[in-house]
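Colleague: Sharing coords22.tsv here; it has TSV, C-alpha atoms.
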chain	number	residue	atom	x	y	z
A	13	MET	CA	-64.48	41.41	3.86
A	14	THR	CA	-63.12	38.66	6.08
A	15	ARG	CA	-59.39	37.72	5.71
A	16	LYS	CA	-58.58	34.03	5.34
A	17	LYS	CA	-56.24	32.56	8.01
A	18	ARG	CA	-55.40	29.41	6.10
A	19	PRO	CA	-51.57	29.89	6.12
A	20	ARG	CA	-51.58	30.22	9.90
A	21	GLN	CA	-53.76	27.10	10.28
A	22	VAL	CA	-51.43	25.13	8.04
A	23	LEU	CA	-48.41	26.23	10.08
A	24	MET	CA	-50.09	25.18	13.35
A	25	LEU	CA	-50.98	21.81	11.83
A	26	LEU	CA	-47.36	21.19	10.82
A	27	ILE	CA	-46.15	22.05	14.32
A	28	ALA	CA	-48.67	19.64	15.84
A	29	VAL	CA	-47.70	16.79	13.52
A	30	THR	CA	-44.02	17.34	14.25
A	31	TRP	CA	-44.64	17.34	18.02
A	32	LEU	CA	-46.67	14.14	17.82
A	33	GLY	CA	-44.02	12.52	15.68
A	34	LEU	CA	-41.26	13.29	18.16
A	35	ASN	CA	-43.37	11.76	20.91
A	36	GLY	CA	-43.87	8.52	19.00
A	37	THR	CA	-47.49	8.87	17.96
A	38	VAL	CA	-46.76	9.09	14.22
A	39	THR	CA	-45.42	5.74	13.02
A	40	SER	CA	-43.91	7.13	9.81
A	41	VAL	CA	-41.20	8.85	11.85
A	42	HIS	CA	-40.29	5.53	13.45
A	43	ASN	CA	-39.85	4.11	9.96
A	44	GLN	CA	-37.58	6.94	8.95
A	45	ASP	CA	-34.61	5.86	6.82
A	46	LEU	CA	-31.29	5.38	8.64
A	47	VAL	CA	-27.70	6.43	8.21
A	48	CYS	CA	-25.37	3.81	9.70
A	49	CYS	CA	-21.64	4.50	9.47
A	50	ASP	CA	-22.36	7.14	6.80
A	51	GLN	CA	-24.28	4.59	4.72
A	52	TRP	CA	-27.94	5.12	3.84
A	53	ILE	CA	-30.21	2.20	4.77
A	54	LYS	CA	-33.87	2.29	3.71
A	55	SER	CA	-36.57	1.26	6.17
A	56	ASP	CA	-39.84	2.20	4.44
A	57	GLY	CA	-39.37	5.84	5.36
A	58	ALA	CA	-38.24	9.07	3.81
A	59	TRP	CA	-34.64	9.79	2.90
A	60	PHE	CA	-35.01	13.44	3.95
A	61	GLY	CA	-34.06	13.74	7.61
A	62	ALA	CA	-32.80	10.15	7.89
A	63	ARG	CA	-31.88	9.28	11.48
A	64	ARG	CA	-28.19	9.02	12.32
A	65	ASP	CA	-28.43	7.38	15.74
A	66	CYS	CA	-28.18	4.03	13.96
A	67	LYS	CA	-28.33	1.54	16.82
A	68	LYS	CA	-31.13	3.29	18.69
A	69	ALA	CA	-33.11	3.84	15.50
A	70	LEU	CA	-32.86	0.17	14.55
A	71	GLU	CA	-34.03	-0.90	17.97
A	72	GLU	CA	-37.05	1.43	17.76
A	73	LEU	CA	-38.17	0.23	14.33
A	74	SER	CA	-41.12	-2.11	14.06
A	75	PRO	CA	-40.05	-5.77	13.75
A	76	ALA	CA	-41.00	-5.85	10.07
A	77	SER	CA	-39.12	-2.63	9.24
A	78	ARG	CA	-36.09	-3.68	11.31
A	79	ALA	CA	-35.94	-7.02	9.49
A	80	LYS	CA	-36.06	-5.22	6.15
A	81	ALA	CA	-33.32	-2.77	7.19
A	82	CYS	CA	-31.11	-5.57	8.50
A	83	GLU	CA	-31.61	-7.55	5.30
A	84	GLN	CA	-30.31	-4.59	3.34
A	85	TYR	CA	-27.42	-4.16	5.77
A	86	LYS	CA	-26.38	-7.81	5.34
A	87	LYS	CA	-26.41	-7.44	1.55
A	88	LEU	CA	-24.02	-4.53	1.92
A	89	ASN	CA	-21.77	-6.46	4.31
A	90	ASN	CA	-19.03	-7.26	1.81
A	91	ARG	CA	-19.52	-4.46	-0.68
A	92	PRO	CA	-16.72	-1.88	-0.63
A	93	TRP	CA	-17.72	1.74	-0.64
A	94	PHE	CA	-16.18	5.13	0.05
A	95	ARG	CA	-17.10	7.11	3.14
A	96	PRO	CA	-17.45	10.87	2.60
A	97	PHE	CA	-14.29	12.84	3.32
A	98	VAL	CA	-12.33	9.62	3.97
A	99	GLU	CA	-9.56	8.71	1.52
A	100	SER	CA	-9.34	4.95	2.14
A	101	PRO	CA	-12.19	2.57	1.22
A	102	THR	CA	-14.04	0.81	4.02
A	103	GLN	CA	-16.84	-1.74	4.23
A	104	ILE	CA	-20.23	-1.41	5.83
A	105	GLY	CA	-19.69	-4.95	7.11
A	106	CYS	CA	-17.56	-3.39	9.84
A	107	CYS	CA	-20.32	-1.01	10.95
A	108	LEU	CA	-20.59	-2.55	14.40
A	109	GLU	CA	-23.49	-0.40	15.59
A	110	ALA	CA	-25.74	-1.84	12.87
A	111	GLY	CA	-24.21	-5.30	12.93
A	112	GLU	CA	-24.79	-5.69	16.65
A	113	VAL	CA	-28.54	-5.08	16.35
A	114	CYS	CA	-28.83	-7.14	13.19
A	115	GLY	CA	-26.75	-9.97	14.64
A	116	ALA	CA	-24.34	-9.93	11.70
A	117	ILE	CA	-20.81	-8.82	12.61
A	118	PRO	CA	-18.26	-10.51	10.31
A	119	ALA	CA	-15.28	-12.08	12.07
A	120	LYS	CA	-12.90	-9.78	10.19
A	121	CYS	CA	-14.49	-6.82	12.01
A	122	ASN	CA	-14.04	-8.31	15.46
A	123	PRO	CA	-10.33	-9.16	15.96
A	124	GLU	CA	-10.80	-10.62	19.45
A	125	LYS	CA	-13.51	-13.01	18.34
A	126	GLN	CA	-11.63	-13.79	15.14
A	127	THR	CA	-8.48	-14.80	17.03
A	128	ALA	CA	-10.47	-17.04	19.34
A	129	ASP	CA	-12.43	-18.72	16.53
A	130	THR	CA	-9.57	-19.15	14.07
A	131	LYS	CA	-7.68	-22.41	14.30
A	132	CYS	CA	-4.07	-22.11	13.28
A	133	GLU	CA	-0.88	-24.07	13.78
A	134	PRO	CA	1.92	-22.55	15.87
A	135	PRO	CA	4.96	-21.32	13.89
A	136	PRO	CA	8.22	-23.34	13.84
A	137	PRO	CA	11.28	-22.26	15.85
A	138	GLU	CA	13.65	-19.90	14.04
A	139	SER	CA	16.79	-21.93	14.76
A	140	ASN	CA	18.21	-24.98	16.48
A	141	ASN	CA	20.53	-22.98	18.68
A	142	PRO	CA	21.68	-24.66	21.91
A	143	PRO	CA	20.75	-23.16	25.31
A	144	TRP	CA	23.95	-21.07	25.53
A	145	PHE	CA	22.98	-19.18	22.36
A	146	ASN	CA	19.36	-18.67	23.41
A	147	SER	CA	19.05	-14.98	24.26
A	148	ASP	CA	15.52	-15.41	25.63
A	149	SER	CA	16.54	-17.73	28.46
A	150	SER	CA	17.72	-16.48	31.84
A	151	CYS	CA	21.48	-16.67	32.43
A	152	PRO	CA	23.52	-15.47	35.43
A	153	ASP	CA	26.75	-15.19	33.39
A	154	ARG	CA	26.09	-13.87	29.88
A	155	GLN	CA	29.18	-12.61	28.05
A	156	LYS	CA	30.19	-11.37	24.62
A	157	ALA	CA	32.47	-13.70	22.64
A	158	THR	CA	34.46	-12.80	19.53
A	159	ILE	CA	35.43	-14.76	16.46
A	160	SER	CA	38.16	-13.52	14.11
A	161	TRP	CA	39.60	-14.97	10.91
A	162	SER	CA	42.37	-14.43	8.36
A	163	GLN	CA	43.75	-16.01	5.19
A	164	ARG	CA	47.24	-16.09	3.69
A	165	PRO	CA	47.15	-16.54	-0.12
A	166	PRO	CA	47.83	-18.52	-2.16
A	167	SER	CA	46.45	-20.91	0.47
A	168	MET	CA	42.66	-21.25	0.52
A	169	ASP	CA	42.70	-22.23	4.20
A	170	VAL	CA	41.28	-19.83	6.77
A	171	SER	CA	42.59	-19.47	10.33
A	172	PHE	CA	40.01	-18.80	13.08
A	173	THR	CA	40.51	-17.58	16.64
A	174	VAL	CA	37.59	-17.63	19.07
A	175	ALA	CA	37.63	-15.96	22.49
A	176	ILE	CA	34.75	-17.41	24.47
A	177	CYS	CA	34.03	-17.53	28.21
A	178	GLY	CA	37.64	-16.91	29.20
A	179	GLN	CA	39.06	-19.47	26.76
A	180	VAL	CA	40.82	-19.04	23.41
A	181	ILE	CA	40.18	-21.68	20.75
A	182	ARG	CA	42.00	-21.78	17.40
A	183	TYR	CA	41.27	-23.93	14.38
A	184	ILE	CA	41.70	-24.09	10.58
A	185	TYR	CA	38.89	-24.18	8.01
A	186	PRO	CA	40.49	-26.04	5.04
A	187	GLY	CA	39.62	-24.58	1.63
A	188	GLY	CA	37.17	-22.07	3.07
A	189	GLY	CA	38.95	-18.97	1.78
A	190	SER	CA	38.55	-16.46	-1.01
A	191	LEU	CA	40.24	-16.12	-4.41
A	192	GLU	CA	40.98	-12.45	-3.72
A	193	LYS	CA	44.62	-11.45	-3.97
A	194	ASN	CA	44.69	-9.94	-0.47
A	195	PRO	CA	41.51	-10.96	1.37
A	196	PRO	CA	41.00	-8.77	4.45
A	197	PRO	CA	40.77	-10.30	7.94
A	198	GLY	CA	37.49	-10.09	9.82
A	199	VAL	CA	36.00	-10.15	13.30
A	200	ARG	CA	32.52	-10.26	14.80
A	201	SER	CA	31.00	-10.78	18.22
A	202	PHE	CA	28.14	-12.84	19.61
A	203	GLU	CA	26.53	-13.37	23.00
A	204	VAL	CA	26.89	-16.61	24.93
A	205	CYS	CA	25.66	-17.92	28.26
A	206	CYS	CA	28.91	-19.11	29.81
A	207	ASP	CA	27.26	-21.25	32.53
A	208	SER	CA	25.63	-23.66	30.10
A	209	TRP	CA	28.50	-23.44	27.58
A	210	ARG	CA	31.13	-24.44	30.17
A	211	LYS	CA	28.95	-27.30	31.36
A	212	ALA	CA	28.58	-28.65	27.81
A	213	ALA	CA	32.32	-28.20	27.16
A	214	GLU	CA	33.20	-30.18	30.30
A	215	THR	CA	30.59	-32.95	30.04
A	216	LYS	CA	30.55	-33.07	26.21
A	217	SER	CA	26.74	-33.19	26.46
A	218	PRO	CA	24.68	-32.54	24.42
A	219	CYS	CA	27.83	-31.98	22.36
A	220	ASP	CA	31.47	-30.98	22.76
A	221	ALA	CA	30.92	-27.21	22.84
A	222	ARG	CA	34.62	-26.51	22.19
A	223	LEU	CA	34.66	-28.38	18.88
A	224	ASP	CA	31.09	-27.51	17.83
A	225	PHE	CA	30.05	-24.12	19.22
A	226	ASP	CA	26.47	-24.19	17.94
A	227	CYS	CA	26.03	-27.95	18.57
A	228	ASP	CA	24.55	-28.53	15.09
A	229	GLY	CA	26.58	-31.66	14.32
A	230	THR	CA	28.99	-29.84	12.01
A	231	PRO	CA	32.43	-29.25	13.58
A	232	ASN	CA	33.76	-25.69	13.72
A	233	SER	CA	36.43	-26.50	11.12
A	234	SER	CA	33.70	-27.19	8.53
A	235	ASP	CA	31.02	-24.73	9.66
A	236	GLN	CA	30.65	-21.40	7.86
A	237	MET	CA	28.57	-20.06	10.77
A	238	PRO	CA	29.88	-21.87	13.89
A	239	ASP	CA	27.96	-19.52	16.23
A	240	TYR	CA	24.51	-20.09	14.75
A	241	ALA	CA	22.68	-23.37	14.21
A	242	PHE	CA	20.55	-23.00	11.12
A	243	ARG	CA	17.39	-25.03	11.24
A	244	ASP	CA	16.83	-27.43	8.34
A	245	ARG	CA	13.71	-26.45	6.47
A	246	ARG	CA	10.86	-28.97	6.78
A	247	PRO	CA	7.74	-29.31	4.59
A	248	ASP	CA	5.49	-28.63	7.59
A	249	ASP	CA	7.19	-25.36	8.57
A	250	PHE	CA	4.48	-23.50	6.66
A	251	LEU	CA	1.11	-24.37	5.16
A	252	THR	CA	0.69	-25.31	1.51
A	253	ASN	CA	-2.09	-26.65	-0.68
A	254	SER	CA	0.28	-28.37	-3.13
A	255	PRO	CA	3.39	-30.57	-2.80
A	256	LEU	CA	6.68	-28.68	-2.56
A	257	SER	CA	8.65	-31.27	-4.51
A	258	SER	CA	8.18	-29.31	-7.75
A	259	LEU	CA	9.74	-26.18	-6.22
A	260	PRO	CA	13.53	-26.71	-6.51
A	261	PHE	CA	14.53	-24.19	-3.81
A	262	TRP	CA	11.71	-24.63	-1.26
A	263	LYS	CA	14.18	-25.42	1.52
A	264	SER	CA	15.60	-21.92	1.08
A	265	LEU	CA	12.23	-20.21	1.56
A	266	TYR	CA	11.77	-18.25	4.76
A	267	GLN	CA	8.33	-16.96	5.68
A	268	PRO	CA	7.75	-13.30	6.66
A	269	SER	CA	8.19	-12.08	10.21
A	270	GLN	CA	5.82	-13.63	12.72
A	271	SER	CA	4.89	-10.12	13.84
A	272	GLY	CA	2.58	-10.08	10.83
A	273	CYS	CA	0.96	-13.42	11.72
A	274	LYS	CA	1.23	-13.78	15.47
A	275	ASP	CA	1.22	-17.35	16.81
A	276	CYS	CA	0.30	-18.86	13.42
A	277	LYS	CA	2.13	-20.53	10.59
A	278	TRP	CA	2.21	-18.63	7.31
A	279	GLU	CA	0.60	-20.20	4.25
A	280	LEU	CA	2.57	-20.26	1.00
A	281	VAL	CA	0.11	-19.35	-1.75
A	282	ARG	CA	2.21	-18.81	-4.88
A	283	VAL	CA	5.81	-18.53	-6.08
A	284	ASP	CA	6.90	-17.00	-9.41
A	285	TYR	CA	10.56	-17.42	-10.25
A	286	THR	CA	13.21	-17.06	-12.93
A	287	CYS	CA	16.47	-19.03	-12.92
A	288	LYS	CA	19.83	-17.95	-14.33
A	289	GLU	CA	23.04	-19.99	-14.36
A	290	GLU	CA	26.22	-18.26	-13.16
A	291	TYR	CA	29.81	-19.44	-13.36
A	292	ASP	CA	31.26	-20.21	-9.90
A	293	ALA	CA	34.96	-19.27	-10.08
A	294	VAL	CA	35.75	-20.35	-6.49
A	295	ALA	CA	34.17	-23.79	-6.80
A	296	SER	CA	35.70	-24.27	-10.25
A	297	ALA	CA	39.20	-23.52	-8.87
A	298	ARG	CA	38.73	-25.93	-5.99
A	299	GLN	CA	37.29	-28.75	-8.07
A	300	HIS	CA	39.45	-28.11	-11.18
A	301	ARG	CA	36.39	-28.11	-13.44
A	302	SER	CA	33.70	-25.72	-14.59
A	303	VAL	CA	31.04	-25.34	-11.91
A	304	PHE	CA	27.81	-23.38	-12.33
A	305	ASP	CA	25.31	-22.22	-9.76
A	306	ALA	CA	21.55	-21.79	-10.23
A	307	LYS	CA	20.46	-18.29	-9.21
A	308	TYR	CA	16.72	-17.97	-8.55
A	309	ASP	CA	14.99	-14.59	-8.46
A	310	TYR	CA	11.57	-15.25	-7.00
A	311	GLN	CA	8.44	-13.56	-5.73
A	312	ALA	CA	6.54	-15.46	-3.03
A	313	THR	CA	3.02	-14.66	-1.88
A	314	TRP	CA	2.20	-15.59	1.71
A	315	LYS	CA	-1.11	-15.46	3.59
A	316	CYS	CA	-1.79	-15.41	7.32
A	317	PRO	CA	-4.68	-17.84	8.08
A	318	ALA	CA	-5.64	-15.88	11.20
A	319	THR	CA	-6.17	-12.51	9.51
A	320	GLY	CA	-6.42	-13.33	5.81
A	321	GLN	CA	-3.78	-10.67	5.12
A	322	SER	CA	-1.19	-11.33	2.39
A	323	GLN	CA	2.46	-10.36	2.06
A	324	VAL	CA	4.69	-10.52	-1.00
A	325	GLN	CA	8.42	-11.24	-0.74
A	326	LYS	CA	11.01	-10.70	-3.46
A	327	GLU	CA	14.23	-12.60	-2.79
A	328	THR	CA	17.18	-14.25	-4.49
A	329	VAL	CA	18.42	-17.77	-3.75
A	330	THR	CA	21.55	-19.39	-5.16
A	331	LYS	CA	21.87	-23.18	-5.29
A	332	ASP	CA	25.55	-24.06	-5.55
A	333	GLY	CA	26.62	-26.54	-8.17
A	334	LEU	CA	23.15	-26.97	-9.69
A	335	ARG	CA	21.77	-26.22	-13.13
A	336	CYS	CA	18.55	-24.34	-13.92
A	337	PRO	CA	15.36	-26.22	-14.83
A	338	THR	CA	13.84	-26.00	-18.29
A	339	PRO	CA	12.14	-23.67	-18.94
A	340	PRO	CA	13.93	-21.30	-16.54
A	341	LYS	CA	10.82	-19.17	-15.88
A	342	ARG	CA	8.14	-20.94	-13.89
A	343	SER	CA	5.41	-20.67	-11.24
A	344	TRP	CA	4.36	-22.78	-8.29
A	345	PRO	CA	1.99	-24.48	-7.84
What does this structure look like when you write it as structure tokens?
Modeller:
Amino acid sequence: MTRKKRPRQVLMLLIAVTWLGLNGTVTSVHNQDLVCCDQWIKSDGAWFGARRDCKKALEELSPASRAKACEQYKKLNNRPWFRPFVESPTQIGCCLEAGEVCGAIPAKCNPEKQTADTKCEPPPPESNNPPWFNSDSSCPDRQKATISWSQRPPSMDVSFTVAICGQVIRYIYPGGGSLEKNPPPGVRSFEVCCDSWRKAAETKSPCDARLDFDCDGTPNSSDQMPDYAFRDRRPDDFLTNSPLSSLPFWKSLYQPSQSGCKDCKWELVRVDYTCKEEYDAVASARQHRSVFDAKYDYQATWKCPATGQSQVQKETVTKDGLRCPTPPKRSWP
């Protein structure tokens, strides 16, 4: 009786088919499904044994199969999914190896191209400080100045002494004191470029630097921060899609750090706020009448046009001598 050798023949046939497939003679292997960035992409092939060399596999597909695979890839571009063994969600739209072949790499996945293509307005300066308070500029004679103050109740006047660039300047801030029984004295220091400060003090240009240290137009005797020139808030300091006139404290808004939106203005998207009136004892004593301040607790949502990233700020702003709007809880816009 003759033994059948069918199992051996079948095994040899499988080996031959596999060898031919690896050498490109069996087209079904070229249409094998793909795994790009851990995401399965069908290409008229079998899921079992899907190829993981995504870019090379896409390039080797027939034009019709490649077009079908790329069409599926583009549909998945903005669909969030979870990669195996990775905690944070990602998007197949940032799978550059597939996107490069398919010609569909979203700008958000290519920071260099995104920065070049995104048009944004440069951010405003942080302050209006004069050259002698500009720490970024070169200065051959940069020194540390000190400003000290004290008050003698019951007087509300405050005495200031400033040691700056080898000179001592004294002045009185009328009515700028505290209602405390024994307010403590204080002192702080700040850096100054003495070359440019002396020149401005002598020439009185662009201002008399002895009488107005920060050259902001407010004399030292009336300036709560004589060593820093606050910049008046302007409507074009940040981007908005609605008028700011309906936001009572918009001039007190300060956008997030520019480190989160390099070289671009922030966009103000939304502000939610609640207002509460508080009795101002100091102002009431000075003006001999009841004075209230409007205290705003707000949450502002900002967006960076260059990256699309958002930041939320929670701050408090007090507007002296003003009353709260009605109703006190509102949103902008």
Colleague: Using atom CA of A:Gln270 and atom CA of A:Phe242 as the two end points, give the distance in Å to one decimal.
Modeller: 17.5 Å
Colleague: Taking only C-alpha atoms into account, name the residue in A:Leu70, A:Arg245, A:Trp161, A:Ala318 that is nearest to A:Thr173.
Modeller: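 Closest to A:Thr173, using only C-alpha atoms: A:Trp161.
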Colleague: Smallest atom-to-atom distance to A:Lys341: which of A:Cys316, A:Val199, A:Cys287, A:Leu251, using only C-alpha atoms?
Modeller: A:Cys287
Colleague: Could you please determine the separation between atom CA of A:Leu256 and atom CA of A:Ala241 in Å, to one decimal place?
Modeller: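 Going from atom CA of A:Leu256 over to atom CA of A:Ala241 covers 23.8 Å.
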Colleague: Could you check the closest approach to A:Gln311 for each of A:Val281, A:Val174, A:Met168, A:Leu73 and tell me which residue wins, using only C-alpha atoms?
Modeller: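 Among the listed residues, A:Val281 lies closest to A:Gln311.
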Colleague: Pick the closest to A:Ile181 from A:Arg222, A:Lys80, A:Lys288, A:Lys67: which is it, counting all atoms listed in the file?
Modeller: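 Closest residue, counting all atoms listed in the file: A:Arg222.
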Colleague: Of the residues A:Gln155, A:Asn140, A:Ser264, A:Gln321, which is the one nearest to A:Gly178, using only C-alpha atoms?
Modeller: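 When distances to A:Gly178 are compared using only C-alpha atoms, the smallest one comes from A:Gln155.
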Colleague: Name the closest residue to A:Lys263 among the candidates A:Pro186, A:Pro135, A:Pro247, A:Pro345; distances are taken between atoms, counting all atoms listed in the file.
Modeller: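 Smallest separation from A:Lys263 among the options: A:Pro247.
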Colleague: Just give me the gap between atom CA of A:Ile159 and atom CA of A:Asp207 in Å, one decimal is fine.
Modeller: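 Computing the Euclidean distance for atom CA of A:Ile159 and atom CA of A:Asp207 yields 19.2 Å.
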Colleague: For A:Ile176, work out the shell of residues within 12 Å, counting only C-alpha atoms and skipping chain neighbours fewer than 2 positions away, then give it as a VMD selection string.
Modeller: chain A and resid 144 154 to 160 173 to 174 178 to 182 201 to 207 209 to 210 213 221 to 222 225 239
Colleague: Any chance you could build stretch 228-237 of chain A out to all heavy atoms and write it as a PDB file, in the coordinates of the input?
Modeller:
ATOM      1  N   ASP A 228      25.420 -28.132  16.198  1.00  0.00           N
ATOM      2  CA  ASP A 228      24.550 -28.530  15.090  1.00  0.00           C
ATOM      3  C   ASP A 228      25.023 -29.788  14.386  1.00  0.00           C
ATOM      4  O   ASP A 228      24.454 -30.193  13.366  1.00  0.00           O
ATOM      5  CB  ASP A 228      24.435 -27.396  14.077  1.00  0.00           C
ATOM      6  CG  ASP A 228      25.770 -27.056  13.413  1.00  0.00           C
ATOM      7  OD1 ASP A 228      26.807 -27.585  13.859  1.00  0.00           O
ATOM      8  OD2 ASP A 228      25.776 -26.245  12.464  1.00  0.00           O
ATOM      9  N   GLY A 229      26.078 -30.435  14.921  1.00  0.00           N
ATOM     10  CA  GLY A 229      26.580 -31.660  14.320  1.00  0.00           C
ATOM     11  C   GLY A 229      27.670 -31.435  13.306  1.00  0.00           C
ATOM     12  O   GLY A 229      28.311 -32.397  12.860  1.00  0.00           O
ATOM     13  N   THR A 230      27.913 -30.176  12.933  1.00  0.00           N
ATOM     14  CA  THR A 230      28.990 -29.840  12.010  1.00  0.00           C
ATOM     15  C   THR A 230      30.128 -29.204  12.796  1.00  0.00           C
ATOM     16  O   THR A 230      29.934 -28.171  13.448  1.00  0.00           O
ATOM     17  CB  THR A 230      28.518 -28.839  10.933  1.00  0.00           C
ATOM     18  OG1 THR A 230      27.412 -29.412  10.216  1.00  0.00           O
ATOM     19  CG2 THR A 230      29.632 -28.518   9.961  1.00  0.00           C
ATOM     20  N   PRO A 231      31.324 -29.804  12.798  1.00  0.00           N
ATOM     21  CA  PRO A 231      32.430 -29.250  13.580  1.00  0.00           C
ATOM     22  C   PRO A 231      32.797 -27.842  13.122  1.00  0.00           C
ATOM     23  O   PRO A 231      32.557 -27.461  11.973  1.00  0.00           O
ATOM     24  CB  PRO A 231      33.572 -30.246  13.345  1.00  0.00           C
ATOM     25  CG  PRO A 231      33.216 -30.957  12.086  1.00  0.00           C
ATOM     26  CD  PRO A 231      31.724 -31.020  12.047  1.00  0.00           C
ATOM     27  N   ASN A 232      33.388 -27.071  14.030  1.00  0.00           N
ATOM     28  CA  ASN A 232      33.760 -25.690  13.720  1.00  0.00           C
ATOM     29  C   ASN A 232      34.609 -25.590  12.456  1.00  0.00           C
ATOM     30  O   ASN A 232      34.472 -24.654  11.658  1.00  0.00           O
ATOM     31  CB  ASN A 232      34.531 -25.073  14.887  1.00  0.00           C
ATOM     32  CG  ASN A 232      33.712 -25.049  16.169  1.00  0.00           C
ATOM     33  OD1 ASN A 232      32.492 -24.949  16.125  1.00  0.00           O
ATOM     34  ND2 ASN A 232      34.394 -25.146  17.303  1.00  0.00           N
ATOM     35  N   SER A 233      35.501 -26.550  12.251  1.00  0.00           N
ATOM     36  CA  SER A 233      36.430 -26.500  11.120  1.00  0.00           C
ATOM     37  C   SER A 233      35.755 -26.712   9.772  1.00  0.00           C
ATOM     38  O   SER A 233      36.398 -26.593   8.734  1.00  0.00           O
ATOM     39  CB  SER A 233      37.540 -27.554  11.310  1.00  0.00           C
ATOM     40  OG  SER A 233      36.975 -28.846  11.435  1.00  0.00           O
ATOM     41  N   SER A 234      34.447 -27.017   9.780  1.00  0.00           N
ATOM     42  CA  SER A 234      33.700 -27.190   8.530  1.00  0.00           C
ATOM     43  C   SER A 234      32.432 -26.354   8.499  1.00  0.00           C
ATOM     44  O   SER A 234      31.633 -26.481   7.576  1.00  0.00           O
ATOM     45  CB  SER A 234      33.338 -28.670   8.326  1.00  0.00           C
ATOM     46  OG  SER A 234      34.481 -29.497   8.320  1.00  0.00           O
ATOM     47  N   ASP A 235      32.266 -25.490   9.504  1.00  0.00           N
ATOM     48  CA  ASP A 235      31.020 -24.730   9.660  1.00  0.00           C
ATOM     49  C   ASP A 235      31.245 -23.260   9.285  1.00  0.00           C
ATOM     50  O   ASP A 235      32.062 -22.578   9.895  1.00  0.00           O
ATOM     51  CB  ASP A 235      30.544 -24.832  11.117  1.00  0.00           C
ATOM     52  CG  ASP A 235      29.080 -24.469  11.262  1.00  0.00           C
ATOM     53  OD1 ASP A 235      28.551 -23.778  10.372  1.00  0.00           O
ATOM     54  OD2 ASP A 235      28.476 -24.870  12.271  1.00  0.00           O
ATOM     55  N   GLN A 236      30.512 -22.795   8.277  1.00  0.00           N
ATOM     56  CA  GLN A 236      30.650 -21.400   7.860  1.00  0.00           C
ATOM     57  C   GLN A 236      30.098 -20.432   8.902  1.00  0.00           C
ATOM     58  O   GLN A 236      30.521 -19.284   8.978  1.00  0.00           O
ATOM     59  CB  GLN A 236      29.940 -21.179   6.518  1.00  0.00           C
ATOM     60  CG  GLN A 236      30.608 -21.892   5.352  1.00  0.00           C
ATOM     61  CD  GLN A 236      29.926 -21.596   4.038  1.00  0.00           C
ATOM     62  OE1 GLN A 236      28.813 -21.081   3.997  1.00  0.00           O
ATOM     63  NE2 GLN A 236      30.591 -21.921   2.940  1.00  0.00           N
ATOM     64  N   MET A 237      29.134 -20.881   9.698  1.00  0.00           N
ATOM     65  CA  MET A 237      28.570 -20.060  10.770  1.00  0.00           C
ATOM     66  C   MET A 237      28.604 -20.880  12.065  1.00  0.00           C
ATOM     67  O   MET A 237      27.583 -21.421  12.502  1.00  0.00           O
ATOM     68  CB  MET A 237      27.143 -19.640  10.439  1.00  0.00           C
ATOM     69  CG  MET A 237      27.046 -18.590   9.354  1.00  0.00           C
ATOM     70  SD  MET A 237      27.578 -16.955   9.928  1.00  0.00           S
ATOM     71  CE  MET A 237      26.257 -16.544  11.040  1.00  0.00           C
TER      72      MET A 237
END
